[in-house]
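Chemist: This is start_19.tsv (TSV, C-alpha atoms (C1' of nucleotides)).
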```tsv
chain	number	residue	atom	x	y	z
A	41	MET	CA	100.88	120.51	79.23
A	42	ARG	CA	100.87	124.05	77.95
A	43	THR	CA	103.68	125.44	75.81
A	44	ILE	CA	106.82	126.99	77.28
A	45	GLU	CA	105.52	130.39	76.23
A	46	GLU	CA	102.24	129.91	78.06
A	47	LEU	CA	103.99	128.65	81.18
A	48	THR	CA	106.30	131.67	81.05
A	49	GLU	CA	103.26	133.91	81.04
A	50	GLN	CA	101.70	131.88	83.86
A	51	VAL	CA	104.72	132.45	86.10
A	52	ARG	CA	105.14	136.13	85.22
A	53	ASN	CA	101.45	136.88	85.77
A	54	ASN	CA	101.80	135.68	89.32
A	55	GLY	CA	104.92	137.67	90.14
A	56	GLY	CA	107.19	134.69	89.66
A	57	LYS	CA	110.53	134.37	87.95
A	58	VAL	CA	111.30	132.37	84.85
A	59	THR	CA	114.52	130.75	86.00
A	60	ALA	CA	116.90	128.53	84.06
A	61	GLN	CA	115.83	125.61	86.26
A	62	ARG	CA	112.13	126.02	85.53
A	63	LEU	CA	112.80	126.28	81.79
A	64	LEU	CA	115.01	123.21	81.81
A	65	ILE	CA	112.43	121.12	83.64
A	66	TRP	CA	109.59	122.35	81.44
A	67	GLN	CA	111.51	121.52	78.28
A	68	THR	CA	112.36	118.04	79.50
A	69	LEU	CA	108.71	117.29	80.30
A	70	TYR	CA	107.24	118.82	77.16
A	71	ASN	CA	106.11	116.07	74.78
A	72	ASN	CA	107.42	113.39	77.15
A	73	ARG	CA	105.17	110.31	77.08
A	74	THR	CA	107.14	108.07	79.46
A	75	HIS	CA	105.58	108.77	82.93
A	76	PRO	CA	108.95	109.53	84.59
A	77	THR	CA	109.53	109.69	88.35
A	78	ALA	CA	111.21	112.65	90.06
A	79	GLU	CA	114.36	110.59	90.47
A	80	GLU	CA	114.41	109.56	86.80
A	81	LEU	CA	114.01	113.17	85.71
A	82	TYR	CA	116.69	114.23	88.18
A	83	GLN	CA	119.26	111.81	86.78
A	84	LYS	CA	118.56	113.06	83.26
A	85	LEU	CA	118.56	116.76	84.18
A	86	LYS	CA	121.75	116.56	86.23
A	87	GLN	CA	123.72	115.77	83.09
A	88	GLY	CA	123.10	119.23	81.67
A	89	SER	CA	122.81	121.00	85.02
A	90	PRO	CA	124.92	119.32	87.71
A	91	THR	CA	123.97	121.64	90.57
A	92	LEU	CA	120.22	121.27	90.13
A	93	SER	CA	118.65	120.21	93.42
A	94	LEU	CA	115.97	117.61	93.94
A	95	THR	CA	114.02	120.14	96.00
A	96	THR	CA	113.76	122.48	93.04
A	97	LEU	CA	112.61	119.63	90.84
A	98	TYR	CA	109.92	118.63	93.34
A	99	ASN	CA	108.83	122.25	93.74
A	100	THR	CA	108.52	122.69	90.00
A	101	LEU	CA	106.66	119.40	89.53
A	102	ASN	CA	104.22	120.24	92.34
A	103	GLU	CA	103.69	123.66	90.79
A	104	LEU	CA	102.93	122.21	87.35
A	105	ALA	CA	100.59	119.67	88.95
A	106	SER	CA	98.68	122.40	90.79
A	107	TRP	CA	98.12	124.16	87.47
A	108	GLY	CA	96.89	120.94	85.89
A	109	ASP	CA	99.75	120.92	83.37
A	110	ILE	CA	101.01	117.53	84.52
A	111	ARG	CA	99.30	114.77	86.48
A	112	ARG	CA	100.59	112.51	89.22
A	113	ILE	CA	100.37	108.79	88.67
A	114	ASP	CA	100.67	106.40	91.60
A	115	ASN	CA	101.54	103.10	90.02
A	116	GLY	CA	102.24	101.46	93.36
A	117	ASP	CA	106.00	101.14	92.94
A	118	GLY	CA	106.72	103.57	95.76
A	119	SER	CA	107.33	106.76	93.83
A	120	ILE	CA	105.07	109.14	92.05
A	121	HIS	CA	105.21	109.26	88.26
A	122	TYR	CA	104.39	112.41	86.33
A	123	ASP	CA	102.41	112.60	83.13
A	124	PRO	CA	102.53	115.76	81.01
A	125	PHE	CA	99.96	114.30	78.62
A	126	VAL	CA	96.74	115.54	80.18
A	127	GLU	CA	94.44	115.36	77.18
A	128	PRO	CA	91.65	112.81	77.72
A	129	HIS	CA	93.06	109.32	77.38
A	130	VAL	CA	92.72	105.78	78.65
A	131	GLU	CA	95.25	104.36	81.09
A	132	LEU	CA	95.74	100.67	81.75
A	133	VAL	CA	96.98	99.80	85.25
A	134	CYS	CA	98.41	96.36	86.05
A	135	LEU	CA	97.31	95.11	89.46
A	136	ILE	CA	100.40	92.94	89.85
A	137	CYS	CA	103.46	94.74	88.43
A	138	HIS	CA	101.78	98.17	88.78
A	139	LYS	CA	102.73	99.25	85.29
A	140	VAL	CA	100.65	102.14	83.92
A	141	VAL	CA	100.34	102.15	80.13
A	142	ASP	CA	98.60	104.62	77.85
A	143	SER	CA	96.03	102.71	75.82
A	144	GLN	CA	95.50	103.16	72.11
A	145	SER	CA	91.74	103.01	72.65
A	146	LYS	CA	89.69	106.17	72.44
A	147	PRO	CA	88.31	107.41	75.77
A	148	ALA	CA	84.53	107.19	76.23
A	149	LEU	CA	84.35	110.90	77.00
A	150	LEU	CA	86.26	113.34	74.83
A	151	SER	CA	85.33	116.46	76.78
A	152	ALA	CA	84.70	117.00	80.47
A	153	PRO	CA	81.97	119.17	82.01
A	154	GLU	CA	83.23	122.54	83.27
A	155	GLU	CA	81.93	121.82	86.74
A	156	MET	CA	81.00	118.71	88.75
A	157	ASP	CA	79.78	118.52	92.35
A	158	GLY	CA	81.26	121.94	93.03
A	159	PHE	CA	84.63	121.09	91.44
A	160	LYS	CA	86.00	123.26	88.63
A	161	ILE	CA	87.15	120.59	86.17
A	162	ILE	CA	90.46	120.97	84.31
A	163	SER	CA	91.08	117.52	82.81
A	164	HIS	CA	90.01	113.90	83.04
A	165	SER	CA	91.02	110.35	82.24
A	166	GLU	CA	89.69	106.83	82.25
A	167	GLN	CA	91.48	104.09	84.08
A	168	TYR	CA	91.18	100.36	83.59
A	169	TYR	CA	92.65	98.02	86.18
A	170	GLY	CA	93.67	94.47	85.40
A	171	TYR	CA	96.55	92.21	84.44
A	172	CYS	CA	99.09	93.16	81.79
A	173	PRO	CA	100.25	90.72	79.12
A	174	VAL	CA	103.32	89.79	81.19
A	175	CYS	CA	101.40	89.24	84.43
A	176	ARG	CA	98.45	87.32	83.00
A	177	ASP	CA	100.14	84.00	83.76
A	178	THR	CA	100.57	85.01	87.39
A	179	PHE	CA	96.93	86.06	87.37
A	180	ASN	CA	95.89	82.51	86.52
A	181	GLN	CA	97.69	81.33	89.64
A	182	ILE	CA	96.38	83.89	92.09
A	183	LYS	CA	92.84	84.45	90.85
A	184	LYS	CA	91.26	81.07	91.49
B	856	MET	CA	85.26	94.05	97.00
B	857	ARG	CA	84.06	90.46	97.08
B	858	THR	CA	82.29	89.01	100.12
B	859	ILE	CA	84.15	87.44	103.03
B	860	GLU	CA	83.00	84.01	101.81
B	861	GLU	CA	84.42	84.59	98.34
B	862	LEU	CA	87.71	85.89	99.74
B	863	THR	CA	87.91	82.83	102.00
B	864	GLU	CA	87.57	80.63	98.94
B	865	GLN	CA	90.15	82.73	97.10
B	866	VAL	CA	92.74	82.15	99.84
B	867	ARG	CA	91.97	78.45	100.34
B	868	ASN	CA	92.07	77.74	96.59
B	869	ASN	CA	95.64	79.00	96.54
B	870	GLY	CA	96.89	76.98	99.48
B	871	GLY	CA	96.59	79.94	101.85
B	872	LYS	CA	95.30	80.15	105.39
B	873	VAL	CA	92.30	82.13	106.53
B	874	THR	CA	93.79	83.73	109.60
B	875	ALA	CA	92.11	85.87	112.24
B	876	GLN	CA	94.12	88.85	110.94
B	877	ARG	CA	92.95	88.47	107.35
B	878	LEU	CA	89.33	88.13	108.46
B	879	LEU	CA	89.54	91.17	110.70
B	880	ILE	CA	91.02	93.34	107.96
B	881	TRP	CA	88.52	92.10	105.37
B	882	GLN	CA	85.60	92.84	107.66
B	883	THR	CA	86.85	96.32	108.41
B	884	LEU	CA	87.19	97.15	104.71
B	885	TYR	CA	83.94	95.60	103.59
B	886	ASN	CA	81.38	98.32	102.79
B	887	ASN	CA	83.85	101.02	103.84
B	888	ARG	CA	83.47	104.14	101.68
B	889	THR	CA	86.02	106.38	103.38
B	890	HIS	CA	89.30	105.78	101.43
B	891	PRO	CA	91.34	105.00	104.57
B	892	THR	CA	95.16	104.90	104.71
B	893	ALA	CA	97.10	101.96	106.14
B	894	GLU	CA	97.80	103.99	109.26
B	895	GLU	CA	94.15	104.92	109.75
B	896	LEU	CA	93.11	101.30	109.41
B	897	TYR	CA	95.88	100.25	111.79
B	898	GLN	CA	94.72	102.61	114.54
B	899	LYS	CA	91.19	101.29	114.23
B	900	LEU	CA	92.17	97.62	114.05
B	901	LYS	CA	94.57	97.83	116.99
B	902	GLN	CA	91.66	98.51	119.32
B	903	GLY	CA	90.27	95.03	118.81
B	904	SER	CA	93.59	93.34	118.10
B	905	PRO	CA	96.48	95.07	119.93
B	906	THR	CA	99.25	92.82	118.61
B	907	LEU	CA	98.38	93.22	114.95
B	908	SER	CA	101.43	94.38	113.01
B	909	LEU	CA	101.58	97.02	110.32
B	910	THR	CA	103.46	94.56	108.12
B	911	THR	CA	100.53	92.15	108.14
B	912	LEU	CA	98.16	94.97	107.33
B	913	TYR	CA	100.31	96.07	104.37
B	914	ASN	CA	100.65	92.47	103.19
B	915	THR	CA	96.89	91.96	103.30
B	916	LEU	CA	96.17	95.25	101.57
B	917	ASN	CA	98.67	94.50	98.80
B	918	GLU	CA	97.13	91.07	98.39
B	919	LEU	CA	93.61	92.47	98.07
B	920	ALA	CA	94.88	95.05	95.60
B	921	SER	CA	96.52	92.36	93.44
B	922	TRP	CA	93.17	90.56	93.26
B	923	GLY	CA	91.41	93.77	92.26
B	924	ASP	CA	89.25	93.72	95.41
B	925	ILE	CA	90.49	97.11	96.56
B	926	ARG	CA	92.18	99.96	94.68
B	927	ARG	CA	95.01	102.24	95.68
B	928	ILE	CA	94.38	105.96	95.58
B	929	ASP	CA	97.24	108.47	95.61
B	930	ASN	CA	95.72	111.70	96.80
B	931	GLY	CA	99.11	113.36	97.12
B	932	ASP	CA	99.16	113.62	100.92
B	933	GLY	CA	102.07	111.21	101.18
B	934	SER	CA	100.25	107.99	101.98
B	935	ILE	CA	98.28	105.60	99.87
B	936	HIS	CA	94.54	105.41	100.44
B	937	TYR	CA	92.60	102.22	99.80
B	938	ASP	CA	89.19	102.00	98.19
B	939	PRO	CA	87.15	98.80	98.52
B	940	PHE	CA	84.47	100.27	96.27
B	941	VAL	CA	85.64	99.07	92.86
B	942	GLU	CA	82.38	99.21	90.95
B	943	PRO	CA	82.56	101.79	88.13
B	944	HIS	CA	82.36	105.27	89.59
B	945	VAL	CA	83.55	108.82	89.07
B	946	GLU	CA	86.29	110.28	91.25
B	947	LEU	CA	87.02	113.98	91.61
B	948	VAL	CA	90.64	114.87	92.37
B	949	CYS	CA	91.61	118.33	93.62
B	950	LEU	CA	94.85	119.59	92.06
B	951	ILE	CA	95.63	121.78	95.06
B	952	CYS	CA	94.65	120.00	98.29
B	953	HIS	CA	94.75	116.56	96.59
B	954	LYS	CA	91.44	115.48	98.05
B	955	VAL	CA	89.79	112.56	96.20
B	956	VAL	CA	86.00	112.53	96.40
B	957	ASP	CA	83.53	110.03	94.99
B	958	SER	CA	81.17	111.91	92.69
B	959	GLN	CA	77.42	111.40	92.64
B	960	SER	CA	77.47	111.54	88.84
B	961	LYS	CA	77.01	108.37	86.85
B	962	PRO	CA	80.15	107.15	85.06
B	963	ALA	CA	80.10	107.33	81.26
B	964	LEU	CA	80.89	103.63	81.00
B	965	LEU	CA	79.00	101.19	83.20
B	966	SER	CA	80.83	98.08	82.05
B	967	ALA	CA	84.41	97.54	80.93
B	968	PRO	CA	85.60	95.39	78.04
B	969	GLU	CA	87.06	92.05	79.14
B	970	GLU	CA	90.30	92.78	77.37
B	971	MET	CA	92.13	95.87	76.18
B	972	ASP	CA	95.54	96.13	74.49
B	973	GLY	CA	96.44	92.70	75.86
B	974	PHE	CA	95.32	93.55	79.42
B	975	LYS	CA	92.75	91.36	81.15
B	976	ILE	CA	90.44	94.02	82.62
B	977	ILE	CA	89.03	93.64	86.15
B	978	SER	CA	87.58	97.08	86.96
B	979	HIS	CA	87.64	100.69	85.85
B	980	SER	CA	86.94	104.25	86.96
B	981	GLU	CA	86.74	107.76	85.59
B	982	GLN	CA	88.76	110.53	87.12
B	983	TYR	CA	88.23	114.26	86.84
B	984	TYR	CA	90.97	116.63	87.93
B	985	GLY	CA	90.33	120.18	89.01
B	986	TYR	CA	89.78	122.47	91.96
B	987	CYS	CA	87.50	121.52	94.85
B	988	PRO	CA	84.99	123.99	96.37
B	989	VAL	CA	87.46	124.93	99.11
B	990	CYS	CA	90.41	125.47	96.76
B	991	ARG	CA	88.60	127.37	94.01
B	992	ASP	CA	89.58	130.71	95.57
B	993	THR	CA	93.24	129.69	95.52
B	994	PHE	CA	92.74	128.63	91.91
B	995	ASN	CA	91.76	132.18	90.96
B	996	GLN	CA	95.08	133.38	92.32
B	997	ILE	CA	97.37	130.80	90.74
B	998	LYS	CA	95.70	130.22	87.39
B	999	LYS	CA	96.18	133.56	85.70
C	902	DT	C1'	97.24	64.88	118.06
C	903	DA	C1'	101.14	66.03	115.55
C	904	DC	C1'	103.11	67.82	111.34
C	905	DT	C1'	104.03	70.99	107.71
C	906	DT	C1'	103.90	75.23	105.59
C	907	DA	C1'	102.15	79.73	105.48
C	908	DC	C1'	101.60	83.62	108.19
C	909	DT	C1'	102.46	87.02	111.81
C	910	DT	C1'	105.20	89.76	114.69
C	911	DA	C1'	108.85	92.95	116.21
C	912	DT	C1'	112.55	95.21	114.68
C	913	DA	C1'	115.44	97.39	111.60
C	914	DA	C1'	116.35	99.26	107.10
C	915	DT	C1'	115.12	101.77	103.12
C	916	DT	C1'	113.64	105.44	100.41
C	917	DA	C1'	110.62	109.14	98.71
C	918	DT	C1'	109.40	113.60	99.86
C	919	DT	C1'	109.38	117.90	102.46
C	920	DA	C1'	111.27	121.54	105.72
C	921	DT	C1'	114.79	124.91	106.72
C	922	DA	C1'	117.89	128.60	106.31
C	923	DA	C1'	121.57	130.71	103.88
C	924	DA	C1'	123.14	132.11	99.32
C	925	DA	C1'	122.04	133.34	94.64
C	926	DT	C1'	119.56	135.60	91.04
C	927	DA	C1'	115.62	137.42	87.97
C	928	DA	C1'	113.15	141.30	87.28
C	929	DA	C1'	111.67	145.79	88.60
C	930	DA	C1'	113.07	150.42	90.06
C	931	DA	C1'	116.24	154.14	90.20
D	1409	DT	C1'	123.54	150.46	84.03
D	1410	DT	C1'	123.35	149.82	88.85
D	1411	DT	C1'	120.67	148.93	92.82
D	1412	DT	C1'	117.13	146.78	95.22
D	1413	DT	C1'	114.03	143.29	96.65
D	1414	DA	C1'	111.39	139.36	96.56
D	1415	DT	C1'	111.60	134.91	94.70
D	1416	DT	C1'	114.10	130.90	93.96
D	1417	DT	C1'	117.72	127.69	94.51
D	1418	DT	C1'	120.81	124.92	96.97
D	1419	DA	C1'	122.63	121.84	100.54
D	1420	DT	C1'	121.45	119.70	104.44
D	1421	DA	C1'	118.65	117.65	107.68
D	1422	DA	C1'	114.24	115.82	109.09
D	1423	DT	C1'	110.11	113.20	108.38
D	1424	DA	C1'	107.33	109.49	107.48
D	1425	DA	C1'	105.56	105.66	104.59
D	1426	DT	C1'	106.59	101.19	103.25
D	1427	DT	C1'	109.28	96.96	102.95
D	1428	DA	C1'	112.81	93.38	104.45
D	1429	DT	C1'	114.31	90.06	107.78
D	1430	DA	C1'	114.28	86.34	110.87
D	1431	DA	C1'	112.27	84.04	114.66
D	1432	DG	C1'	108.05	82.51	116.54
D	1433	DT	C1'	102.99	81.07	115.82
D	1434	DA	C1'	98.98	78.90	114.09
D	1435	DA	C1'	95.90	77.08	110.18
D	1436	DG	C1'	94.93	73.17	107.69
D	1437	DT	C1'	95.66	68.31	107.07
D	1438	DA	C1'	96.59	63.55	107.88
```
Rewrite the structure from the file as structure tokens, please.
Modeler:
Amino acid sequence: MRTIEELTEQVRNNGGKVTAQRLLIWQTLYNNRTHPTAEELYQKLKQGSPTLSLTTLYNTLNELASWGDIRRIDNGDGSIHYDPFVEPHVELVCLICHKVVDSQSKPALLSAPEEMDGFKIISHSEQYYGYCPVCRDTFNQIKK
Amino acid sequence: MRTIEELTEQVRNNGGKVTAQRLLIWQTLYNNRTHPTAEELYQKLKQGSPTLSLTTLYNTLNELASWGDIRRIDNGDGSIHYDPFVEPHVELVCLICHKVVDSQSKPALLSAPEEMDGFKIISHSEQYYGYCPVCRDTFNQIKK
DNA sequence: TACTTACTTATAATTATTATAAAATAAAAA
DNA sequence: TTTTTATTTTATAATAATTATAAGTAAGTA
């Protein structure tokens, strides 16, 4: 995710307004490595800004996602998680409890091509699907 | 996705029953490369099996996902897409229209480690996020 | 064939996300 | 500074995907 200053420029360059709500949401996401959902962010943000609406939060998250500053993670628990850490990294996805964990392993590719099959590429990640330490026992029961 | 025979064994080995519904759903997914949603599958399946319920379809899809035979794809359009093609491959994700396209490019890693950070690994994929050919014009407007 | 347990169905409930329209406000213009 | 205007926010309502429940059905087994 870019810095607050760069995001400010991004909004201004497109005729947008740098509102208190946008700043608050940006600051809460910046350097956050916890993959929060919209609802989790909302509960946290409401403490400092009780009138903030969920719609605004969703609008701001969708906007950041369209710029490539955050990424959506579907971990299968019914709500979308957001990840402001968009540098190349490895994600581990549990097939049973749906947890998504950032791995400590280095990704195989450190840089992405600028273009692929007509797509302009902004970021990338590697995902490994399997059974987390907690669910490995369950795995032994279901994967026979 | 494993073959129908292997899935049959999988169910039987766990005290399950190979029902007409499971077979029908398995057969429809096998060799399918279109990333269908539950609803899309349901419309198709209902033609041959009018009393099939959405609940059964969801149950069967979740079951296949927990075995690693299919993978969930969140393309941001509000419903989960399912991908029975779980061999290593590259996916291109558009940040604007949320389309997810299988790339023709070879993945950087052809095989996954058996274990990573305590996870038992079943499959993996590479994802590249950016702007698809259709949305690249929009990109020029929003990414200033 | 009959029994047991797992599965399926129909229905209802839940919940995440988006649409809408009025009110508020940031930023540019006067 | 005040005014203006377009963008944004808010509150509310609507939508739609997915899951829970409970009664009925059928696969596998003896």
Chemist: Given the choices B:Thr911, B:Thr874, B:Asn930, B:Asn886, which gets closest to chain D if the distance is worked out from only C-alpha atoms (C1' of nucleotides)?
Modeler: B:Thr874
Chemist: If I put a ball of radius 7 Å at (114.4, 130.2, 91.0) in the file's coordinates, which residues poke into it when counting only C-alpha atoms (C1' of nucleotides), written as a list in words?
Modeler: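 Residues found, by chain and rising number: Lys57, Thr59 and Gln61 of chain A; DT1415, DT1416 and DT1417 of chain D.
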Chemist: Since we have the selection now, will you write its residues out, keeping C-alpha atoms (C1' of nucleotides), as a compact mmCIF listing (two decimals), in the coordinates of the input?
Modeler:
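Result saved to part.txt:
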```txt
# COMPACT_ATOMS: atom_id res chain seq x y z
CA LYS A 57 110.53 134.37 87.95
CA THR A 59 114.52 130.75 86.00
CA GLN A 61 115.83 125.61 86.26
C1' DT D 1415 111.60 134.91 94.70
C1' DT D 1416 114.10 130.90 93.96
C1' DT D 1417 117.72 127.69 94.51
```
Chemist: Select all residues from chain C having any atom no more than 7 Å from an atom of chain B (counting only C-alpha atoms (C1' of nucleotides), ignoring ligands), output as a list in words.
Modeler: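 The selection requested is DA907, DT909 and DT910 of chain C.
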Chemist: I need the chain A residues near chain B as number ranges by chain; criterion: at most 8 Å, counting only C-alpha atoms.
Modeler: A: 50, 53-54, 105-108, 113-114, 116, 132, 134-136, 143-145, 148-149, 152, 156-173, 176, 181-184
Chemist: Compile the contact shell of segment 1419-1423 of chain D as a list in words: residues with an atom at most 9 Å away, counting all atoms listed in the file, same-chain residues fewer than 3 positions apart removed.
Modeler: Ser93 of chain A; DT918, DT919, DA920 and DT921 of chain C
Chemist: Give, as JSON, the centre coordinates and the x, y and z edge lengths in Å to one decimal for an axis-aligned box around all listed atoms of segment 903-913 of chain C, padded by 8 Å on each side.
Modeler:
```
{"center_x": 108.3, "center_y": 81.7, "center_z": 110.8, "size_x": 30.3, "size_y": 47.4, "size_z": 26.7}
```
Chemist: Taking all atoms listed in the file into account and nothing else, which residues of chain D lie no more than 12 Å away from chain B? Please answer as a compact mmCIF listing (two decimals) with C-alpha atoms (C1' of nucleotides), in the coordinates of the input.
Modeler:
```txt
# COMPACT_ATOMS: atom_id res chain seq x y z
C1' DT D 1423 110.11 113.20 108.38
C1' DA D 1424 107.33 109.49 107.48
C1' DA D 1425 105.56 105.66 104.59
C1' DT D 1426 106.59 101.19 103.25
C1' DT D 1427 109.28 96.96 102.95
C1' DA D 1428 112.81 93.38 104.45
C1' DT D 1429 114.31 90.06 107.78
C1' DT D 1433 102.99 81.07 115.82
C1' DA D 1434 98.98 78.90 114.09
C1' DA D 1435 95.90 77.08 110.18
C1' DG D 1436 94.93 73.17 107.69
C1' DT D 1437 95.66 68.31 107.07
```
Chemist: Would you compute the distance between atom CA of Leu878 of chain B and atom C1' of DT906 of chain C? Give it in Å to one decimal.
Modeler: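 According to the coordinates, atom CA of Leu878 of chain B and atom C1' of DT906 of chain C are separated by 19.7 Å.
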Chemist: For atom CA of Phe125 of chain A and atom CA of Met41 of chain A, quote the distance in Å rounded to one decimal.
Modeler: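 It comes out at 6.3 Å.
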Chemist: State, in Å with one decimal place, the distance from atom CA of Ser151 of chain A to atom CA of Leu965 of chain B.
Modeler: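 Interatomic distance here is 17.7 Å.
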Chemist: Please rebuild segment 97-119 of chain A with N, CA and C atoms and give the result as a JSON list (two decimals), in the coordinates of the input.
Modeler:
```json
[["chain", "number", "residue", "atom", "x", "y", "z"],
["A", 97, "LEU", "N", 113.38, 120.48, 91.75],
["A", 97, "LEU", "CA", 112.61, 119.63, 90.84],
["A", 97, "LEU", "C", 111.24, 119.33, 91.43],
["A", 98, "TYR", "N", 111.20, 118.92, 92.70],
["A", 98, "TYR", "CA", 109.92, 118.63, 93.34],
["A", 98, "TYR", "C", 109.03, 119.88, 93.37],
["A", 99, "ASN", "N", 109.63, 121.02, 93.71],
["A", 99, "ASN", "CA", 108.83, 122.25, 93.74],
["A", 99, "ASN", "C", 108.20, 122.53, 92.38],
["A", 100, "THR", "N", 109.00, 122.39, 91.34],
["A", 100, "THR", "CA", 108.52, 122.69, 90.00],
["A", 100, "THR", "C", 107.45, 121.70, 89.55],
["A", 101, "LEU", "N", 107.66, 120.42, 89.89],
["A", 101, "LEU", "CA", 106.66, 119.40, 89.53],
["A", 101, "LEU", "C", 105.35, 119.66, 90.27],
["A", 102, "ASN", "N", 105.44, 119.98, 91.57],
["A", 102, "ASN", "CA", 104.22, 120.24, 92.34],
["A", 102, "ASN", "C", 103.49, 121.46, 91.79],
["A", 103, "GLU", "N", 104.27, 122.45, 91.37],
["A", 103, "GLU", "CA", 103.69, 123.66, 90.79],
["A", 103, "GLU", "C", 102.94, 123.33, 89.50],
["A", 104, "LEU", "N", 103.58, 122.59, 88.62],
["A", 104, "LEU", "CA", 102.93, 122.21, 87.35],
["A", 104, "LEU", "C", 101.67, 121.39, 87.62],
["A", 105, "ALA", "N", 101.75, 120.50, 88.62],
["A", 105, "ALA", "CA", 100.59, 119.67, 88.95],
["A", 105, "ALA", "C", 99.43, 120.52, 89.45],
["A", 106, "SER", "N", 99.75, 121.55, 90.24],
["A", 106, "SER", "CA", 98.68, 122.40, 90.79],
["A", 106, "SER", "C", 98.00, 123.23, 89.70],
["A", 107, "TRP", "N", 98.72, 123.46, 88.61],
["A", 107, "TRP", "CA", 98.12, 124.16, 87.47],
["A", 107, "TRP", "C", 97.35, 123.20, 86.56],
["A", 108, "GLY", "N", 97.51, 121.92, 86.77],
["A", 108, "GLY", "CA", 96.89, 120.94, 85.89],
["A", 108, "GLY", "C", 97.69, 120.67, 84.63],
["A", 109, "ASP", "N", 98.94, 121.12, 84.58],
["A", 109, "ASP", "CA", 99.75, 120.92, 83.37],
["A", 109, "ASP", "C", 100.39, 119.54, 83.32],
["A", 110, "ILE", "N", 100.59, 118.93, 84.47],
["A", 110, "ILE", "CA", 101.01, 117.53, 84.52],
["A", 110, "ILE", "C", 100.14, 116.83, 85.56],
["A", 111, "ARG", "N", 100.08, 115.51, 85.50],
["A", 111, "ARG", "CA", 99.30, 114.77, 86.48],
["A", 111, "ARG", "C", 100.16, 113.75, 87.19],
["A", 112, "ARG", "N", 99.88, 113.52, 88.46],
["A", 112, "ARG", "CA", 100.59, 112.51, 89.22],
["A", 112, "ARG", "C", 99.98, 111.15, 88.94],
["A", 113, "ILE", "N", 100.84, 110.16, 88.82],
["A", 113, "ILE", "CA", 100.37, 108.79, 88.67],
["A", 113, "ILE", "C", 101.00, 107.97, 89.79],
["A", 114, "ASP", "N", 100.16, 107.35, 90.61],
["A", 114, "ASP", "CA", 100.67, 106.40, 91.60],
["A", 114, "ASP", "C", 100.54, 105.02, 91.01],
["A", 115, "ASN", "N", 101.64, 104.44, 90.60],
["A", 115, "ASN", "CA", 101.54, 103.10, 90.02],
["A", 115, "ASN", "C", 101.93, 102.04, 91.04],
["A", 116, "GLY", "N", 102.05, 102.44, 92.30],
["A", 116, "GLY", "CA", 102.24, 101.46, 93.36],
["A", 116, "GLY", "C", 103.67, 100.99, 93.53],
["A", 117, "ASP", "N", 104.62, 101.58, 92.80],
["A", 117, "ASP", "CA", 106.00, 101.14, 92.94],
["A", 117, "ASP", "C", 106.77, 101.98, 93.96],
["A", 118, "GLY", "N", 106.07, 102.83, 94.68],
["A", 118, "GLY", "CA", 106.72, 103.57, 95.76],
["A", 118, "GLY", "C", 107.03, 105.01, 95.42],
["A", 119, "SER", "N", 107.11, 105.35, 94.15],
["A", 119, "SER", "CA", 107.33, 106.76, 93.83],
["A", 119, "SER", "C", 106.28, 107.25, 92.86]]
```
